[in-house]
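Content type compact mmCIF, C-alpha atoms and all ligand atoms, from the file input19.txt:
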# COMPACT_ATOMS: atom_id res chain seq x y z
CA MET A 77 -10.69 -0.35 2.63
CA GLY A 78 -13.72 1.63 1.59
CA LEU A 79 -13.83 4.98 -0.05
CA PHE A 80 -11.11 7.35 0.90
CA TRP A 81 -13.06 10.25 2.25
CA ARG A 82 -16.79 10.42 2.56
CA ARG A 83 -17.94 13.87 3.45
CA LYS A 84 -20.09 14.04 0.37
CA LYS A 85 -23.43 12.33 0.36
CA ASP A 86 -24.69 10.53 -2.74
CA ASP A 87 -27.26 13.24 -3.43
CA PHE A 88 -24.39 15.61 -4.07
CA VAL A 89 -24.18 14.29 -7.61
CA SER A 90 -27.51 15.64 -8.64
CA LEU A 91 -27.34 18.72 -6.47
CA ARG A 92 -24.05 20.25 -7.35
CA LEU A 93 -22.34 18.70 -10.27
CA ASN A 94 -23.38 21.12 -12.95
CA GLU A 95 -23.02 24.20 -10.87
CA PRO A 96 -19.95 26.20 -10.05
CA SER A 97 -19.21 25.88 -6.35
CA ALA A 98 -21.51 28.39 -4.68
CA ALA A 99 -19.61 31.21 -3.09
CA THR A 100 -20.84 31.83 0.42
CA PRO A 101 -21.02 35.46 1.39
CA GLU A 102 -18.08 36.97 3.19
CA PRO A 103 -18.67 37.07 6.97
CA ALA A 104 -20.01 40.47 7.98
CA ALA A 105 -17.27 41.42 10.38
CA ALA A 106 -14.19 39.48 11.25
CA PRO A 107 -13.35 39.81 14.93
CA THR A 108 -9.88 41.27 15.54
CA PRO A 109 -8.11 39.66 12.63
CA PRO A 110 -4.49 38.70 13.20
CA ALA A 111 -3.78 39.84 9.67
CA VAL A 112 -5.38 41.85 6.96
CA GLU A 113 -6.48 40.32 3.69
CA PRO A 114 -3.27 39.64 1.77
CA PRO A 115 -2.52 41.94 -1.12
CA ALA A 116 -3.32 40.22 -4.38
CA GLU A 117 0.33 39.76 -5.24
CA LEU A 118 0.92 37.68 -2.11
CA VAL A 119 -1.73 35.14 -2.91
CA SER A 120 -0.40 32.20 -4.80
CA GLU A 121 -0.37 32.29 -8.55
CA THR A 122 -2.14 28.99 -8.27
CA VAL A 123 -5.15 30.70 -6.77
CA LYS A 124 -5.29 33.33 -9.44
CA GLU A 125 -5.11 30.76 -12.17
CA GLN A 126 -7.80 28.54 -10.72
CA PRO A 127 -11.30 29.05 -12.02
CA VAL A 128 -13.88 29.02 -9.21
CA ALA A 129 -15.21 25.67 -10.36
CA PRO A 130 -12.25 23.75 -11.78
CA ALA A 131 -12.95 21.55 -14.76
CA ARG A 132 -13.55 18.02 -13.61
CA SER A 133 -11.35 15.30 -15.01
CA PRO A 134 -12.88 12.22 -16.66
CA PHE A 135 -11.85 10.31 -13.53
CA GLN A 136 -13.84 12.63 -11.31
CA THR A 137 -16.80 12.57 -13.59
CA SER A 138 -16.88 8.82 -13.41
CA VAL A 139 -16.46 8.84 -9.65
CA LEU A 140 -19.45 11.09 -9.45
CA GLY A 141 -21.40 8.76 -11.66
CA LEU A 142 -22.55 11.00 -14.46
CA ASN A 143 -21.86 8.64 -17.27
CA LEU A 144 -21.71 5.30 -15.52
CA SER A 145 -24.28 2.83 -14.30
CA MET A 146 -24.34 1.85 -10.63
CA GLU A 147 -22.79 -1.50 -11.53
CA GLN A 148 -19.99 0.16 -13.45
CA LEU A 149 -19.36 2.53 -10.57
CA GLN A 150 -19.22 -0.31 -8.08
CA ALA A 151 -16.90 -2.28 -10.34
CA GLN A 152 -14.66 0.73 -10.65
CA GLU A 153 -14.58 1.23 -6.92
CA ALA A 154 -13.81 -2.45 -6.35
CA ALA A 155 -10.97 -2.31 -8.89
CA LEU A 156 -9.52 0.75 -7.20
CA GLU A 157 -9.69 -0.91 -3.81
CA GLN A 158 -8.01 -4.01 -5.15
CA GLU A 159 -5.24 -1.97 -6.65
CA LEU A 160 -4.69 -0.06 -3.41
CA SER A 161 -4.66 -3.31 -1.43
CA ALA A 162 -2.03 -4.74 -3.73
CA ARG A 163 0.02 -1.59 -3.42
CA PHE A 164 -0.28 -1.67 0.36
CA ARG A 165 0.89 -5.29 0.44
CA ARG A 166 3.88 -4.36 -1.67
CA ALA A 167 4.69 -1.49 0.68
CA VAL A 168 4.86 -3.74 3.72
CA SER A 169 6.58 -6.57 1.86
CA ALA A 170 10.01 -5.81 3.33
CA THR A 171 8.57 -6.00 6.85
CA ARG A 172 6.65 -9.16 5.96
CA ASP A 173 9.70 -10.84 4.47
CA THR A 174 11.89 -10.07 7.46
CA LEU A 175 9.23 -11.02 9.94
CA SER A 176 8.22 -14.30 8.32
CA GLU A 177 11.82 -15.22 7.62
CA LYS A 178 12.71 -14.76 11.28
CA LEU A 179 9.57 -16.50 12.49
CA ASP A 180 10.32 -19.42 10.19
CA THR A 181 13.82 -19.64 11.65
CA VAL A 182 12.43 -19.56 15.17
CA PHE A 183 9.78 -22.17 14.39
CA ALA A 184 12.00 -24.42 12.24
CA GLY A 185 12.34 -27.96 13.56
CA ARG A 186 10.27 -27.21 16.63
CA LYS A 187 7.20 -29.17 17.54
CA GLN A 188 6.28 -27.54 20.81
CA ILE A 189 6.30 -24.20 22.49
CA ASP A 190 8.97 -23.70 25.13
CA ASP A 191 10.58 -20.77 26.91
CA GLU A 192 13.45 -20.57 24.47
CA LEU A 193 11.02 -20.22 21.59
CA LEU A 194 9.12 -17.48 23.40
CA ASP A 195 12.36 -15.61 24.10
CA GLN A 196 13.29 -15.77 20.44
CA LEU A 197 9.84 -14.64 19.48
CA GLU A 198 10.27 -11.64 21.73
CA GLU A 199 13.46 -10.70 19.88
CA VAL A 200 11.74 -11.01 16.51
CA LEU A 201 8.89 -8.73 17.51
CA ILE A 202 11.21 -6.14 19.02
CA ALA A 203 13.37 -6.25 15.88
CA ALA A 204 10.28 -5.41 13.79
CA ASP A 205 9.96 -2.24 15.93
CA ILE A 206 6.76 -3.31 17.58
CA GLY A 207 8.24 -1.81 20.76
CA VAL A 208 9.55 -3.37 23.93
CA GLN A 209 6.54 -2.61 26.08
CA THR A 210 4.07 -3.76 23.46
CA THR A 211 6.05 -6.94 22.77
CA LEU A 212 6.17 -7.80 26.47
CA GLU A 213 2.42 -7.37 26.72
CA ILE A 214 1.84 -9.57 23.70
CA LEU A 215 4.11 -12.26 25.13
CA GLU A 216 2.37 -12.00 28.47
CA SER A 217 -0.97 -12.63 26.87
CA VAL A 218 0.49 -15.51 24.82
CA ARG A 219 1.88 -17.09 28.00
CA ARG A 220 -1.55 -16.88 29.58
CA GLY A 221 -3.01 -18.61 26.53
CA ILE A 222 -0.44 -21.37 26.82
CA ALA A 223 -1.10 -21.83 30.53
CA ARG A 224 -4.82 -22.13 29.83
CA LYS A 225 -4.04 -24.64 27.09
CA GLN A 226 -5.69 -22.37 24.51
CA ILE A 227 -2.42 -22.21 22.61
CA ASN A 228 -1.08 -25.70 21.99
CA ASP A 229 0.83 -25.55 18.75
CA LEU A 230 2.79 -23.20 16.54
CA GLU A 231 -0.20 -22.40 14.33
CA ALA A 232 -2.24 -21.35 17.34
CA LEU A 233 0.72 -19.31 18.57
CA LYS A 234 0.96 -17.46 15.28
CA ALA A 235 -2.79 -16.85 15.29
CA ALA A 236 -2.60 -15.50 18.83
CA ILE A 237 0.12 -13.02 17.92
CA LYS A 238 -1.90 -11.84 14.94
CA SER A 239 -4.95 -11.36 17.05
CA GLU A 240 -3.00 -9.46 19.71
CA LEU A 241 -1.59 -7.08 17.09
CA LEU A 242 -5.01 -6.56 15.60
CA SER A 243 -6.64 -5.84 18.92
CA ILE A 244 -4.00 -3.22 19.76
CA LEU A 245 -4.63 -1.45 16.46
CA GLN A 246 -8.40 -1.70 16.82
CA ALA A 247 -8.31 -0.45 20.40
CA SER A 248 -6.60 2.72 19.21
CA GLU A 249 -9.28 3.12 16.53
CA ARG A 250 -11.99 3.22 19.13
CA GLN A 251 -10.54 6.37 20.67
CA GLY A 252 -13.36 8.50 19.24
CA VAL A 253 -11.97 8.89 15.75
CA ALA A 254 -12.48 12.43 14.54
CA SER A 255 -13.21 12.31 10.87
CA GLU A 256 -15.29 13.90 8.18
CA LEU A 257 -18.12 11.62 9.31
CA SER A 258 -18.26 13.12 12.78
CA VAL A 259 -18.77 16.71 11.66
CA PRO A 260 -22.21 17.90 10.50
CA ASP A 261 -22.51 18.49 6.77
CA GLY A 262 -23.39 22.13 7.24
CA VAL A 263 -20.00 22.98 8.77
CA SER A 264 -17.76 24.34 6.08
CA PRO A 265 -14.89 24.39 5.42
CA TYR A 266 -13.89 21.17 7.13
CA VAL A 267 -10.45 22.07 8.44
CA MET A 268 -7.63 19.52 8.58
CA MET A 269 -4.34 20.54 10.18
CA ILE A 270 -1.29 18.47 9.33
CA VAL A 271 1.48 18.58 11.94
CA GLY A 272 4.75 16.79 12.62
CA VAL A 273 8.52 16.99 12.82
CA ASN A 274 10.33 18.31 9.73
CA GLY A 275 10.91 15.87 6.92
CA VAL A 276 8.31 13.29 7.95
CA GLY A 277 6.18 13.81 4.85
CA LYS A 278 3.60 16.45 5.79
CA THR A 279 3.64 18.35 2.51
CA THR A 280 3.64 15.19 0.41
CA THR A 281 0.73 13.82 2.42
CA ILE A 282 -1.20 17.03 1.85
CA GLY A 283 -0.72 16.71 -1.90
CA LYS A 284 -2.02 13.15 -1.76
CA LEU A 285 -4.95 14.01 0.51
CA ALA A 286 -5.94 16.99 -1.61
CA GLN A 287 -5.96 14.86 -4.73
CA ARG A 288 -8.15 12.13 -3.26
CA ILE A 289 -10.56 14.37 -1.40
CA LYS A 290 -11.02 16.43 -4.54
CA ALA A 291 -11.49 13.32 -6.65
CA GLU A 292 -14.40 12.41 -4.43
CA GLY A 293 -16.16 15.59 -5.41
CA ASN A 294 -15.11 18.12 -2.79
CA ASP A 295 -13.84 21.62 -3.33
CA VAL A 296 -10.49 21.69 -1.60
CA LEU A 297 -8.20 24.57 -0.66
CA ILE A 298 -4.66 24.24 0.69
CA CYS A 299 -3.11 26.64 3.21
CA ALA A 300 0.68 26.99 3.15
CA ALA A 301 1.23 27.82 6.81
CA ASP A 302 4.76 26.43 6.79
CA THR A 303 6.47 29.75 6.32
CA PHE A 304 9.77 28.53 7.76
CA ARG A 305 11.49 28.20 4.41
CA ALA A 306 10.56 29.51 0.99
CA ALA A 307 11.06 26.09 -0.53
CA ALA A 308 8.25 24.69 1.59
CA SER A 309 5.72 26.90 -0.13
CA ASP A 310 7.22 26.17 -3.53
CA GLN A 311 6.99 22.46 -2.89
CA LEU A 312 3.36 22.84 -1.89
CA ALA A 313 2.68 24.96 -4.95
CA ILE A 314 3.95 22.14 -7.15
CA TRP A 315 1.55 19.72 -5.46
CA ALA A 316 -1.27 22.24 -5.80
CA GLU A 317 -0.63 22.59 -9.49
CA ARG A 318 -0.28 18.87 -10.00
CA THR A 319 -3.58 18.18 -8.28
CA GLY A 320 -5.41 21.26 -9.54
CA VAL A 321 -6.16 22.41 -6.01
CA PRO A 322 -5.84 26.11 -5.18
CA LEU A 323 -3.32 27.26 -2.61
CA ILE A 324 -3.08 30.26 -0.31
CA GLN A 325 0.47 31.29 0.47
CA GLN A 326 2.41 34.30 1.67
CA LYS A 327 6.01 35.27 1.78
CA GLN A 328 8.53 33.40 3.87
CA GLY A 329 8.55 34.31 7.53
CA THR A 330 4.91 35.46 7.69
CA ASP A 331 3.13 34.50 10.88
CA PRO A 332 1.63 31.06 10.15
CA ALA A 333 -1.56 32.01 12.02
CA ALA A 334 -2.00 34.98 9.67
CA VAL A 335 -1.71 32.73 6.61
CA LEU A 336 -4.27 30.43 8.17
CA PHE A 337 -6.60 33.34 8.86
CA ASP A 338 -6.39 34.44 5.22
CA SER A 339 -6.97 30.88 4.07
CA LEU A 340 -10.05 30.48 6.24
CA LYS A 341 -11.46 33.70 4.83
CA ALA A 342 -10.63 32.61 1.29
CA ALA A 343 -12.17 29.18 1.89
CA LYS A 344 -15.39 30.79 3.07
CA ALA A 345 -15.45 33.25 0.20
CA ARG A 346 -14.83 30.53 -2.38
CA GLY A 347 -17.21 28.05 -0.79
CA SER A 348 -14.41 25.52 -0.29
CA GLU A 349 -15.61 22.46 1.57
CA VAL A 350 -12.23 21.31 2.84
CA LEU A 351 -9.21 23.32 3.94
CA ILE A 352 -5.96 21.40 4.41
CA VAL A 353 -3.32 23.24 6.41
CA ASP A 354 0.40 22.57 6.00
CA THR A 355 2.46 23.47 9.06
CA ALA A 356 6.15 23.73 9.79
CA GLY A 357 8.28 21.23 11.67
CA ARG A 358 10.41 24.16 12.85
CA LEU A 359 10.12 27.92 13.19
CA HIS A 360 12.27 30.92 12.31
CA THR A 361 11.73 32.68 15.53
CA LYS A 362 12.71 31.44 18.96
CA SER A 363 9.04 31.14 19.72
CA ASN A 364 7.83 27.72 20.49
CA LEU A 365 6.40 25.64 17.67
CA MET A 366 3.76 24.16 19.92
CA ALA A 367 2.63 27.63 21.01
CA GLU A 368 2.40 28.62 17.35
CA LEU A 369 0.26 25.58 16.58
CA GLU A 370 -1.99 26.41 19.52
CA LYS A 371 -2.38 29.93 18.18
CA MET A 372 -3.34 28.54 14.78
CA LYS A 373 -5.94 26.35 16.40
CA ARG A 374 -7.41 29.34 18.20
CA VAL A 375 -7.63 31.29 14.95
CA ALA A 376 -9.30 28.33 13.23
CA SER A 377 -11.88 27.83 15.95
CA ARG A 378 -12.74 31.52 15.96
CA GLU A 379 -13.44 31.47 12.25
CA VAL A 380 -15.14 28.11 11.76
CA GLN A 381 -17.21 26.22 14.28
CA GLY A 382 -15.29 23.28 15.75
CA ALA A 383 -12.18 23.87 13.62
CA PRO A 384 -9.71 22.35 13.23
CA HIS A 385 -11.95 19.33 12.88
CA GLU A 386 -9.04 17.00 12.43
CA THR A 387 -5.40 17.38 13.45
CA LEU A 388 -3.30 14.69 11.88
CA LEU A 389 0.15 13.97 13.25
CA VAL A 390 2.47 12.67 10.56
CA VAL A 391 4.96 10.05 11.70
CA ASP A 392 7.75 8.65 9.53
CA ALA A 393 7.86 4.84 9.76
CA VAL A 394 11.54 4.78 8.79
CA THR A 395 12.62 6.68 11.89
CA GLY A 396 11.06 4.01 14.07
CA GLN A 397 11.24 4.43 17.83
CA ASN A 398 13.11 7.76 17.51
CA GLY A 399 10.31 9.20 15.41
CA LEU A 400 7.84 7.99 17.97
CA GLU A 401 9.65 9.89 20.68
CA GLN A 402 9.63 13.10 18.64
CA ALA A 403 5.97 12.61 17.81
CA ARG A 404 5.16 12.60 21.50
CA GLN A 405 6.11 16.29 21.65
CA PHE A 406 3.22 17.08 19.38
CA LEU A 407 0.75 15.33 21.63
CA LYS A 408 1.29 18.17 24.06
CA VAL A 409 -0.64 20.28 21.60
CA ALA A 410 -4.18 19.46 22.52
CA GLY A 411 -6.37 17.70 20.06
CA VAL A 412 -4.22 15.56 17.80
CA THR A 413 -6.95 13.31 16.45
CA GLY A 414 -5.08 10.76 14.38
CA ILE A 415 -1.86 9.60 12.80
CA VAL A 416 -0.63 9.44 9.22
CA LEU A 417 2.14 6.86 9.04
CA THR A 418 4.37 7.70 6.08
CA LYS A 419 7.15 5.82 4.27
CA LEU A 420 5.85 2.38 5.19
CA ASP A 421 7.28 1.36 1.83
CA GLY A 422 10.77 2.34 2.94
CA THR A 423 11.23 0.15 6.00
CA ALA A 424 11.50 -3.48 7.03
CA LYS A 425 10.40 -2.39 10.49
CA GLY A 426 6.78 -1.67 9.70
CA GLY A 427 5.87 -3.10 13.10
CA ILE A 428 6.23 0.49 14.27
CA ALA A 429 2.54 0.92 13.34
CA VAL A 430 1.64 -1.23 16.34
CA ALA A 431 3.98 0.66 18.67
CA ILE A 432 2.49 3.96 17.51
CA ALA A 433 -1.09 2.88 17.99
CA LYS A 434 -0.30 1.47 21.41
CA GLU A 435 1.97 4.16 22.76
CA LEU A 436 0.35 7.25 21.30
CA ASN A 437 -3.09 5.76 21.77
CA LEU A 438 -4.37 7.33 18.57
CA PRO A 439 -5.82 5.75 15.45
CA ILE A 440 -3.66 5.48 12.35
CA ARG A 441 -5.91 7.03 9.72
CA TYR A 442 -3.75 6.89 6.62
CA ALA A 443 -0.54 5.24 5.49
CA GLY A 444 1.95 6.67 2.99
CA ILE A 445 3.28 3.97 0.72
CA GLY A 446 5.39 5.93 -1.76
CA GLU A 447 6.23 9.36 -3.07
CA LYS A 448 3.60 9.59 -5.79
CA VAL A 449 0.26 11.31 -5.56
CA ASP A 450 -1.77 8.14 -5.26
CA ASP A 451 0.54 6.49 -2.74
CA LEU A 452 -1.71 7.07 0.23
CA VAL A 453 -4.21 4.57 1.61
CA VAL A 454 -6.74 4.47 4.40
CA PHE A 455 -5.02 2.43 7.10
CA ASP A 456 -6.92 -0.78 7.73
CA PRO A 457 -5.68 -2.78 10.78
CA GLN A 458 -7.00 -6.10 9.50
CA GLN A 459 -5.37 -5.65 6.15
CA TYR A 460 -2.13 -4.55 7.78
CA VAL A 461 -1.93 -7.59 10.04
CA ASN A 462 -2.85 -9.93 7.19
CA SER A 463 -0.23 -8.33 4.98
CA LEU A 464 2.43 -8.78 7.65
CA PHE A 465 1.70 -12.47 7.95
CA GLY A 466 1.40 -13.09 4.26
CA ASN A 467 -2.32 -13.69 3.86
N1 LIG A 501 9.01 6.48 0.13
C1 LIG A 501 8.22 7.44 0.61
N2 LIG A 501 8.66 8.70 0.66
C2 LIG A 501 7.83 9.64 1.18
C3 LIG A 501 6.53 9.33 1.65
N3 LIG A 501 5.97 10.49 2.10
C4 LIG A 501 6.90 11.47 1.91
N4 LIG A 501 8.02 10.97 1.36
C5 LIG A 501 9.25 11.69 1.03
O1 LIG A 501 9.80 12.25 2.22
C6 LIG A 501 10.48 13.47 1.93
C7 LIG A 501 10.01 14.58 2.87
O2 LIG A 501 8.66 14.84 2.59
P1 LIG A 501 7.97 16.25 2.84
O3 LIG A 501 6.54 16.08 2.43
O4 LIG A 501 8.73 17.33 2.25
O5 LIG A 501 8.07 16.34 4.42
P2 LIG A 501 7.63 17.54 5.38
O6 LIG A 501 7.16 16.92 6.65
O7 LIG A 501 6.69 18.42 4.70
O8 LIG A 501 9.02 18.26 5.63
P3 LIG A 501 9.29 19.78 6.16
O9 LIG A 501 8.47 20.69 5.33
O10 LIG A 501 10.76 19.98 6.00
O11 LIG A 501 8.88 19.82 7.61
C8 LIG A 501 10.23 13.74 0.47
O12 LIG A 501 11.35 13.34 -0.27
C9 LIG A 501 9.04 12.86 0.12
O13 LIG A 501 9.02 12.46 -1.22
C10 LIG A 501 6.09 7.97 1.59
O14 LIG A 501 4.99 7.58 2.00
N5 LIG A 501 6.98 7.07 1.05
MG MG A 502 6.73 20.46 4.35
Let me see the structure of the file written as structure tokens.
Ligand SMILES: Nc1nc2c(ncn2[C@@H]2O[C@H](COP(=O)(O)OP(=O)(O)OP(=O)(O)O)[C@@H](O)[C@H]2O)c(=O)[nH]1
Ligand SMILES: [Mg+2]
Amino acid sequence: MGLFWRRKKDDFVSLRLNEPSAATPEPAAAPTPPAVEPPAELVSETVKEQPVAPARSPFQTSVLGLNLSMEQLQAQEAALEQELSARFRRAVSATRDTLSEKLDTVFAGRKQIDDELLDQLEEVLIAADIGVQTTLEILESVRRGIARKQINDLEALKAAIKSELLSILQASERQGVASELSVPDGVSPYVMMIVGVNGVGKTTTIGKLAQRIKAEGNDVLICAADTFRAAASDQLAIWAERTGVPLIQQKQGTDPAAVLFDSLKAAKARGSEVLIVDTAGRLHTKSNLMAELEKMKRVASREVQGAPHETLLVVDAVTGQNGLEQARQFLKVAGVTGIVLTKLDGTAKGGIAVAIAKELNLPIRYAGIGEKVDDLVVFDPQQYVNSLFGN
């Protein structure tokens, strides 16, 4: 699985650890700002309460290696990875159980592969939400394998399906993944925009991302640009407090692009390395959500070179094919760079991951596997496929 987020280089430990995060000077003149600096009372309490360099927890200190040997650090990292792997396997267990149960039923008492078996297999894959088109393509490739006598028995058939699923997921990964690794170190803040239909898990994902990215030694700031309902900001404020990450928010109904502008300015002033932007799934006004998101992107790119560096589209695994259809709307906004697949723990149709990768043609970067702060993992296609087939 690897470390969660790797913007920081190893030398960061000796360079920065004992210093407060260096505040970069305010930009000389902001070109035609869409909003003025928010009055102090509009900025979140969370910001006011946060010291510039928040105290680091024992966990962070150990991640940064102050008091641990290299071996201890590696052991700790390995233990964390193992724990996350186990948690991921648990999250997809309902899908695995259903899939293997059905496959066992299809395979039971059969010695050879025939058309009836392939038809049943098709039904099983579609039932796991892998998607009709994707399933047909997998079956097509399997049939070719059978014709070429490369697939002779049930074991080989199972292996072929696994390898087809894996290659679909890996193909989507090769679509020039935008990530912290693709942006030069000097560019700061690294801006991540989180978009998606309402209720899919955007705010929760931001809480989880903020926690992990901070734990790896980065100064993180959250922007509450979902101004659709007051509760959205409150919910984000709870996450901010829980994770000790400052938050910029304004009153309900404020133009989201204005909140983003303020947040970008604040991030620069505070020397924040990462800015995570929460967005709404709906808007107050009749104006189009997609147009609003485009406007936010323009504001971001004016303020920080190349921003937003990542635009993650959150998709809810439970909503299956319906969710996929809604997610397509967001692809009309240029520059969605990856997917966060949430609520994998809440469905027996986790095959949707394959349909998403195939049909949206975007890499799945992270998977949500629960409601708690550490229930987010880097999505690993190999691990996913292995988990589905019980090894
Ligand atoms: N089981 C499970 N629940 C999740 C996961 N991610 C989010 N949730 C839950 O999904 C619900 C909606 O999450 P939010 O983060 O509020 O979703 P949102 O996209 O911000 O919603 P809006 O702000 O209304 O657009 C909450 O009850 C979360 O706890 C996950 O990975 N697993
Ligand atoms: Mg939200």
Check your understanding: Using all atoms listed in the file, which of the listed residues (A:Ala306, A:Ala170, A:Leu407, A:Ala356) sits closest to ligand MG 502 (chain A)?
Key ->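 Smallest distance to ligand MG 502 (chain A) is found for A:Ala356.
Minimum atom-to-atom distances from A:Glu370, A:Arg163, A:Arg250, A:Val409 to ligand LIG 501 (chain A) were compared using only C-alpha atoms and all ligand atoms, and the lowest value belongs to A:Arg163.
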Point to revise | Test item: residues no farther than 6 Å from ligand MG 502 (chain A), counting all atoms listed in the file, as a list in words | key: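 Protein and nucleic-acid residues within 6 Å of ligand MG 502 (chain A): Lys278, Thr279 and Ala308 of chain A.
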Quick one: which chain A residues come within 6 Å of ligand LIG 501 (chain A), and what is the nearest atom pair for each with the distance in Å to one decimal, counting only C-alpha atoms and all ligand atoms, rows ordered by chain and ascending number, as a tab-separated table?
residue	atom	partner	partner_atom	distance
A:Val273	CA	A:LIG501	O11	5.9
A:Asn274	CA	A:LIG501	O11	3.0
A:Gly275	CA	A:LIG501	O8	3.3
A:Val276	CA	A:LIG501	O6	4.0
A:Gly277	CA	A:LIG501	O5	3.2
A:Lys278	CA	A:LIG501	O6	3.7
A:Thr279	CA	A:LIG501	O3	3.7
A:Thr280	CA	A:LIG501	O3	3.6
A:Ala308	CA	A:LIG501	O9	5.5
A:Ala356	CA	A:LIG501	O11	5.2
A:Gly357	CA	A:LIG501	O11	4.3
A:Thr418	CA	A:LIG501	O14	4.1
A:Lys419	CA	A:LIG501	N5	3.5
A:Asp421	CA	A:LIG501	N1	5.7
A:Gly422	CA	A:LIG501	N1	5.3
A:Gly444	CA	A:LIG501	O14	3.3
A:Ile445	CA	A:LIG501	O14	4.2
A:Gly446	CA	A:LIG501	N5	3.4
A:Glu447	CA	A:LIG501	N2	4.5
Write out as a JSON list (two decimals) with C-alpha atoms, keeping the file's coordinate frame which residues come within 8 Å of Lys238 of chain A when counting all atoms listed in the file, dropping same-chain ones fewer than 4 positions away.
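Just written: part_32.json:
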[["chain", "number", "residue", "atom", "x", "y", "z"],
["A", 234, "LYS", "CA", 0.96, -17.46, 15.28],
["A", 242, "LEU", "CA", -5.01, -6.56, 15.60],
["A", 461, "VAL", "CA", -1.93, -7.59, 10.04],
["A", 465, "PHE", "CA", 1.70, -12.47, 7.95]]
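The closest residue to Phe455 of chain A, picked from A:Val182, A:Ile440, A:Ala345, A:Ala286 and counting only C-alpha atoms, is A:Ile440.
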Exercise for review: Name the closest residue to Asp331 of chain A among the candidates A:Glu159, A:Asp302, A:Asp392, A:Glu216; distances are taken between atoms, counting only C-alpha atoms.
Suggested key: A:Asp302
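Between atom CA of Ala316 of chain A and atom CA of Leu420 of chain A lies a distance of 23.8 Å.
Residues within 8 Å of Ala429 of chain A, counting all atoms listed in the file and excluding same-chain residues fewer than 3 positions away, are A:Ile206, A:Ala393, A:Leu417, A:Gly426, A:Ile432, A:Ala433, A:Ile440.
Compared by their closest atoms to Ser258 of chain A, and using only C-alpha atoms, the residues A:Ser145, A:Thr413, A:Gln459, A:Asn437 rank with A:Thr413 nearest.
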Point to revise | Using only C-alpha atoms: which of A:Ser248, A:Thr423, A:Ser348, A:Ser255 has the shortest distance to Asp173 of chain A | key: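 Going through A:Ser248, A:Thr423, A:Ser348, A:Ser255 one by one, the smallest distance to Asp173 of chain A is for A:Thr423.
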Review point. Just how far from atom CA of Gln188 of chain A is atom CA of Ala235 of chain A, in Å to one decimal?
Key: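 Between atom CA of Ala235 of chain A and atom CA of Gln188 of chain A the gap works out to 15.1 Å.
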Point to revise | Shell around segment 367-369 of chain A at 12 Å using all atoms listed in the file, local window under 5 positions removed, as a VMD selection string | key: chain A and resid 269 to 272 301 to 303 331 to 334 336 353 to 362 374 to 376 384 387 405 to 412
Exercise for review: Could you please determine the separation between atom CA of Leu197 of chain A and atom CA of Leu215 of chain A in Å, to one decimal place?
Suggested key: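 Atom CA of Leu215 of chain A lies at a distance of 8.4 Å from atom CA of Leu197 of chain A.
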Point to revise | Non-local contacts of Gln209 of chain A (12 Å; all atoms listed in the file; under 2 positions in same chain excluded) as a PyMOL selection string | key: chain A and resi 198+201-202+205-207+211-216+397+430-432+434-435
Excluding same-chain residues fewer than 5 positions from Val335 of chain A, what lies within 9 Å of it counting all atoms listed in the file, as a short mmCIF file (atom, residue, chain, number, x, y, z; two decimals) with C-alpha atoms, in the coordinates of the input?
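Result file selection.cif:
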data_model
loop_
_atom_site.label_atom_id
_atom_site.label_comp_id
_atom_site.auth_asym_id
_atom_site.auth_seq_id
_atom_site.Cartn_x
_atom_site.Cartn_y
_atom_site.Cartn_z
CA ALA A 111 -3.78 39.84 9.67
CA PRO A 114 -3.27 39.64 1.77
CA CYS A 299 -3.11 26.64 3.21
CA ALA A 300 0.68 26.99 3.15
CA ALA A 301 1.23 27.82 6.81
CA THR A 303 6.47 29.75 6.32
CA ILE A 324 -3.08 30.26 -0.31
CA GLN A 325 0.47 31.29 0.47
CA GLN A 326 2.41 34.30 1.67
CA THR A 330 4.91 35.46 7.69
CA LEU A 340 -10.05 30.48 6.24
#
